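Colleague: Could you have a look at this structure, given as structure tokens, before my questions?
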Amino acid sequence: ALLAQRLRAREPGAARIVSSIDAGLQRALEERLAAYVGRLPERTSAALLVVDNRTMEARAYLGTAAFGDAARLGHVDMVRAWRSPGSTLKPFVYGMALDDGLVHSQSLLVDAPQSFGGYRPGNFDAAFNGPVSVADALRLSLNVPAVDLLDRVGAARFAARLDHAGIGLRFPRGARPNLSLVLGGTGARLEDLVGAHAALARGGIAGRVRYTPQDPVVDRRLLSPGAAWIVHGILAANPRPGERVGTFDTGARPRVAWKTGTSYGYRDAWALGATREYTVGAWVGRPDGTPLPGQYGAVTALPLLFEVFDSLPRRAGA
């Protein structure tokens, strides 16, 4: 319903608008999402966006968990809402550092208390790991190594590269990009994050999500093919929650390159994932920004992400 309103507002005089949405998948995910949020704290909403990597066409668009539900603010389209992205931008810092020749996947970084011009980031669990490889630092979503790499890449340059690729960031009036942006100190939209994470499965090419076959194809390079391949491999090697590292892969479930994020104060729980075929983004939270203590990306949004991936159709040979 929210996408229909969006497309109608874009073409108010059109007698008929044909979207790229898969109606069967859309209905199935609406039912799945309603059941999922029913197990979460009251007034919790959620959003999902499923994109076909070949065309960047949306196959499912759920801007809310319950359209018309006043308690969940079901009229607010969370696919387009500006929210703190938490750690979901970290893969691109690592990718740019690879492209700059600053590190390779097994380079050692230091996860220990550090000061970056007075900025002292800590980790989500308040512990530090000491020397850690680039691959492990990204898989564990450690904060100090990510800030260290952003410091070397340059915060303004990083934001400009994302903007060029179509991933807009929003900062408070008068504020400039700084090192906190890689930990969620900025605003981003779910549809842009999906377009960015699709680059990891598209040879480094980010894309603007398309909602009708007539929407223009807007592709921009975000990372080199090599950096995208390395980052995708690092994230895809991260086992699903409950799986053991090295678990035998039967191919029954798609191997997903996934990344979670949690904004300050538990206001936003994110999970983004990409396979060769699809990129999916999931957001869970309250549209009014009320904190949800204890609800974070890995426990709140990630199970939903995998439910979606496991229900998607798989193309022959994929």
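Each chain in the structure tokens gets a letter, A, B and so on, in the order shown; residues start at 1 in every chain, and ligands are counted from 1 in the order they appear.
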Mind checking which residues fall within 7 Å of range 64-68 of chain A, counting only C-alpha atoms, ignoring those fewer than 6 positions away in the same chain, and posting them as number ranges by chain?
Modeller: A: 33-34, 45-47, 74-78
Colleague: Taking the chain letters and numbering used in this document, name the residues of range 78-307 of chain A that DSSP puts in strand (DSSP E), as an NGL selection string.
Modeller: :A and (108-111 or 130-133 or 205-207 or 219-221 or 257-262 or 268-274 or 278-285)
Colleague: Which residues, written as a PyMOL selection string, have at least one atom at most 9 Å from range 253-262 of chain A, with only C-alpha atoms counted and residues fewer than 2 positions away on the same chain left out?
Modeller: chain A and resi 84-91+139+141+183-184+200-201+231-238+240+249-251+264-276+295-298+301-302+305-306+309-310+314
Colleague: Could you take the residues named above and write them with C-alpha atoms, as a tab-separated table (two decimals), in the first residue's frame?
Modeller:
```
chain	number	residue	atom	x	y	z
A	84	SER	CA	20.96	6.04	11.94
A	85	PRO	CA	22.52	3.14	9.97
A	86	GLY	CA	24.52	1.74	12.88
A	87	SER	CA	27.39	-0.40	11.58
A	88	THR	CA	25.90	-1.14	8.15
A	89	LEU	CA	28.39	1.17	6.39
A	90	LYS	CA	31.46	-0.66	7.73
A	91	PRO	CA	31.87	-2.99	4.73
A	139	ARG	CA	33.02	-10.14	10.66
A	141	SER	CA	31.99	-5.65	13.53
A	183	LEU	CA	29.34	3.74	13.76
A	184	GLY	CA	25.99	5.28	12.85
A	200	LEU	CA	29.09	-6.43	-3.05
A	201	ALA	CA	27.37	-8.95	-5.35
A	231	VAL	CA	34.37	-8.02	1.23
A	232	HIS	CA	31.53	-10.21	-0.04
A	233	GLY	CA	33.61	-13.30	0.70
A	234	ILE	CA	34.45	-12.14	4.22
A	235	LEU	CA	30.81	-11.48	5.06
A	236	ALA	CA	29.52	-14.64	3.37
A	237	ALA	CA	31.97	-16.74	5.39
A	238	ASN	CA	30.37	-15.46	8.58
A	240	ARG	CA	24.48	-17.80	10.46
A	249	ASP	CA	27.12	-26.46	3.19
A	250	THR	CA	24.55	-28.65	1.44
A	251	GLY	CA	23.44	-25.81	-0.81
A	264	TYR	CA	22.65	4.45	19.49
A	265	GLY	CA	20.10	3.75	22.21
A	266	TYR	CA	18.67	0.65	20.48
A	267	ARG	CA	16.47	2.78	18.24
A	268	ASP	CA	17.18	0.93	14.99
A	269	ALA	CA	18.01	-2.72	14.33
A	270	TRP	CA	19.34	-3.46	10.84
A	271	ALA	CA	20.31	-6.45	8.76
A	272	LEU	CA	21.51	-6.23	5.16
A	273	GLY	CA	22.42	-9.23	3.04
A	274	ALA	CA	23.37	-10.11	-0.52
A	275	THR	CA	23.54	-13.28	-2.58
A	276	ARG	CA	24.36	-13.51	-6.26
A	295	GLN	CA	16.62	-5.24	20.65
A	296	TYR	CA	19.56	-5.01	18.27
A	297	GLY	CA	20.50	-6.07	14.76
A	298	ALA	CA	21.84	-9.54	15.43
A	301	ALA	CA	16.63	-7.98	12.40
A	302	LEU	CA	18.98	-10.80	11.37
A	305	LEU	CA	16.60	-11.36	7.06
A	306	PHE	CA	17.33	-15.08	6.89
A	309	PHE	CA	16.25	-15.21	2.01
A	310	ASP	CA	15.12	-18.77	2.71
A	314	ARG	CA	16.07	-19.45	-6.71
```
Colleague: So which one's closest to Phe92 in chain A, A:Val37, A:Leu179, A:Leu2, A:Ala227? Using only C-alpha atoms, please.
Modeller: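 Residue with the minimum atom-to-atom distance to Phe92 in chain A: A:Ala227.
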Colleague: Need to verify the contact set: Tyr211 in chain A, 12 Å, only C-alpha atoms, exclusion of same-chain residues closer than 6 positions in sequence. Can you return it as a list in words?
Modeller: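 Residues meeting the cut-off are Leu3, Ala4, Arg6, Leu7, Arg8, Arg10, Ile17, Val18, Ser19, Ser20, Ile21, Asp22, Leu49, Val50, Val51, Asp52, Thr55, Met56, Glu57, Ala58, Arg59, Ala60, Tyr61, Glu191 and Val217 of chain A.
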Colleague: For CA of Gly154 in chain A and CA of Val182 in chain A, quote the distance in Å rounded to one decimal.
Modeller: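 Rounded to one decimal, the two atoms are 11.2 Å apart.
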Colleague: Give the helix (DSSP H, G or I) residues of range 1-233 of chain A, as DSSP finds them on the backbone, and put them as a ChimeraX atom specification.
Modeller: /A:2-10,23-37,90-99,134-139,143-153,155-164,179-183,190-201,225-233
Colleague: Pick out the closest residue to Val209 in chain A from this set: A:Asn123, A:Ser311, A:Thr279, A:Gln26. Count only C-alpha atoms.
Modeller: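 For Val209 in chain A, the nearest of the given residues is A:Thr279.
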Colleague: Neighbours of range 103-116 of chain A within 7 Å (only C-alpha atoms; same-chain residues fewer than 5 positions away dropped), as a ChimeraX atom specification?
Modeller: /A:97-98,128-135,144-145
Colleague: For range 182-214 of chain A against range 160-164 of chain A, with a cut-off of 10 Å and counting only C-alpha atoms, what is the closest atom pair and its distance in Å to one decimal for every residue that makes the cut, ordered by chain and number, as JSON lines?
Modeller:
```
{"residue": "A:Asp192", "atom": "CA", "partner": "A:Leu162", "partner_atom": "CA", "distance": 9.8}
{"residue": "A:Ala196", "atom": "CA", "partner": "A:Leu162", "partner_atom": "CA", "distance": 8.2}
{"residue": "A:Ala206", "atom": "CA", "partner": "A:Leu162", "partner_atom": "CA", "distance": 9.4}
```
Colleague: Please determine, counting only C-alpha atoms, which residue among A:Arg72, A:Arg202, A:Thr212, A:Gly174 has the shortest atom-to-atom distance to Arg16 in chain A.
Modeller: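 Ranking A:Arg72, A:Arg202, A:Thr212, A:Gly174 by distance to Arg16 in chain A, first place goes to A:Thr212.
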Colleague: Distance CA of Gly203 in chain A-CA of Asp151 in chain A, one decimal place?
Modeller: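 Between CA of Gly203 in chain A and CA of Asp151 in chain A the gap works out to 25.2 Å.
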Colleague: Counting only C-alpha atoms, which of A:Pro239, A:Ala146, A:Arg170, A:Gly195 gets nearest to Val218 in chain A?
Modeller: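 The closest residue to Val218 in chain A is A:Gly195.
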Colleague: Out of A:Val308, A:Leu222, A:Val194, A:Val299, which residue has the shortest atom-to-atom distance to Glu31 in chain A when counting only C-alpha atoms?
Modeller: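 Using only C-alpha atoms, the shortest distance to Glu31 in chain A belongs to A:Val308.
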